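Student: Next up, my_file_0.cif (mmCIF, C-alpha atoms).
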```
data_entry
#
loop_
_atom_site.label_atom_id
_atom_site.label_comp_id
_atom_site.auth_asym_id
_atom_site.auth_seq_id
_atom_site.Cartn_x
_atom_site.Cartn_y
_atom_site.Cartn_z
CA MET A 1 -2.45 4.58 21.79
CA SER A 2 -0.89 2.78 18.83
CA ALA A 3 1.50 4.42 16.39
CA GLU A 4 -0.91 3.85 13.48
CA ALA A 5 -3.62 5.95 15.13
CA ALA A 6 -1.23 8.89 15.38
CA LEU A 7 -0.34 8.93 11.68
CA SER A 8 -1.68 11.67 9.45
CA PRO A 9 -3.18 10.61 6.10
CA GLU A 10 0.03 11.75 4.36
CA GLN A 11 2.20 9.73 6.75
CA LYS A 12 -0.01 6.67 6.21
CA ARG A 13 0.36 7.01 2.42
CA ASP A 14 4.15 7.28 2.86
CA LEU A 15 4.11 4.10 4.96
CA ILE A 16 2.02 2.33 2.31
CA ALA A 17 4.51 3.44 -0.35
CA LYS A 18 7.41 2.01 1.66
CA VAL A 19 5.64 -1.32 2.16
CA LEU A 20 4.79 -1.47 -1.56
CA LYS A 21 8.44 -0.91 -2.48
CA ALA A 22 9.51 -3.65 -0.06
CA LYS A 23 6.80 -6.13 -1.10
CA PRO A 24 5.36 -5.15 -4.50
CA GLY A 25 3.79 -8.59 -4.95
CA ALA A 26 1.65 -8.33 -1.81
CA SER A 27 -2.05 -7.71 -2.37
CA ASN A 28 -3.67 -4.37 -1.61
CA ARG A 29 -5.80 -5.96 1.11
CA GLN A 30 -2.77 -7.63 2.68
CA ILE A 31 -0.88 -4.34 2.85
CA ALA A 32 -4.01 -2.52 4.07
CA ALA A 33 -4.33 -4.97 6.96
CA GLN A 34 -0.65 -4.58 7.80
CA VAL A 35 -0.73 -0.76 7.95
CA LYS A 36 -4.35 -0.49 9.13
CA ALA A 37 -5.56 1.41 6.07
CA ASP A 38 -8.32 0.94 3.52
CA HIS A 39 -7.47 -1.31 0.57
CA LYS A 40 -8.69 1.44 -1.79
CA THR A 41 -6.06 3.78 -0.38
CA VAL A 42 -3.40 1.14 -0.98
CA ALA A 43 -4.67 0.71 -4.55
CA ALA A 44 -4.43 4.47 -5.16
CA VAL A 45 -0.86 4.61 -3.83
CA ARG A 46 0.07 1.52 -5.89
CA LYS A 47 -1.39 3.07 -9.06
CA ALA A 48 0.58 6.28 -8.51
CA GLN A 49 3.81 4.36 -7.90
CA GLU A 50 3.27 2.16 -10.95
CA ALA A 51 2.74 5.27 -13.08
CA THR A 52 6.12 6.67 -12.01
CA GLY A 53 7.91 3.31 -12.18
CA GLU A 54 8.63 3.17 -8.45
CA VAL A 55 7.06 -0.30 -8.23
CA PRO A 56 6.65 -2.80 -11.06
CA GLN A 57 3.29 -3.24 -12.77
CA LEU A 58 2.26 -6.75 -11.84
CA GLU A 59 -0.47 -8.82 -13.42
CA LYS A 60 -0.95 -10.83 -10.21
CA THR A 61 -0.43 -10.23 -6.52
CA THR A 62 -0.41 -12.71 -3.69
CA GLY A 63 -2.60 -12.52 -0.65
CA LYS A 64 -6.16 -11.61 0.18
CA ASP A 65 -7.25 -10.07 -3.13
#
```
Can the structure in the file be given as structure tokens, please?

Tutor:
Amino acid sequence: MSAEAALSPEQKRDLIAKVLKAKPGASNRQIAAQVKADHKTVAAVRKAQEATGEVPQLEKTTGKD
């Protein structure tokens, strides 16, 4: 069993948040593929982090979007 399968939804969101902080320019779909999550979940985490200033608000991202 992989580590991703054992993550709770809260743990997965925390992982997404860490990846977003490390690579804020990566697309939602790129991050979703990396952490095995839905791109809509990544978008929701990104929006929350942008609102609090944890990640910069970018006009463009690079990747699969």

Student: From the options A:Val42, A:Thr61, A:Lys36, A:Asn28, which residue's atoms come nearest to A:Ile16, counting all atoms listed in the file?

Tutor: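 The shortest atom-to-atom distance to A:Ile16 comes from A:Val42.
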
Student: Here is a test: counting only C-alpha atoms, which residue of A:Thr62, A:Ala37, A:Arg29, A:Lys18 is nearest to A:Gln49?

Tutor: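 The closest residue to A:Gln49 is A:Lys18.
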
Student: Using all atoms listed in the file, which residue out of A:Val35, A:Val45, A:Ala17, A:Ala26 lies closest to A:Glu59?

Tutor: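 Among A:Val35, A:Val45, A:Ala17, A:Ala26, it is A:Ala26 that comes nearest to A:Glu59.
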
Student: Figure out the distance between atom CA of A:Glu10 and atom CA of A:Val55, please, to one decimal in Å.

Tutor: 18.8 Å

Student: Using only C-alpha atoms, which of A:Thr41, A:Leu15, A:Leu20, A:Pro9 sits nearest A:Gln57?

Tutor: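 Once distances to A:Gln57 are computed over only C-alpha atoms, the minimum belongs to A:Leu20.
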
Student: Looking at all atoms listed in the file, which of A:Arg13, A:Lys47, A:Lys60, A:Lys40 is the one that sits closest to A:Gly25?

Tutor: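 Among A:Arg13, A:Lys47, A:Lys60, A:Lys40, it is A:Lys60 that comes nearest to A:Gly25.
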
Student: Distance atom CA of A:Pro24-atom CA of A:Pro56, one decimal place?

Tutor: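 Spanning atom CA of A:Pro24 to atom CA of A:Pro56 is a straight-line distance of 7.1 Å.
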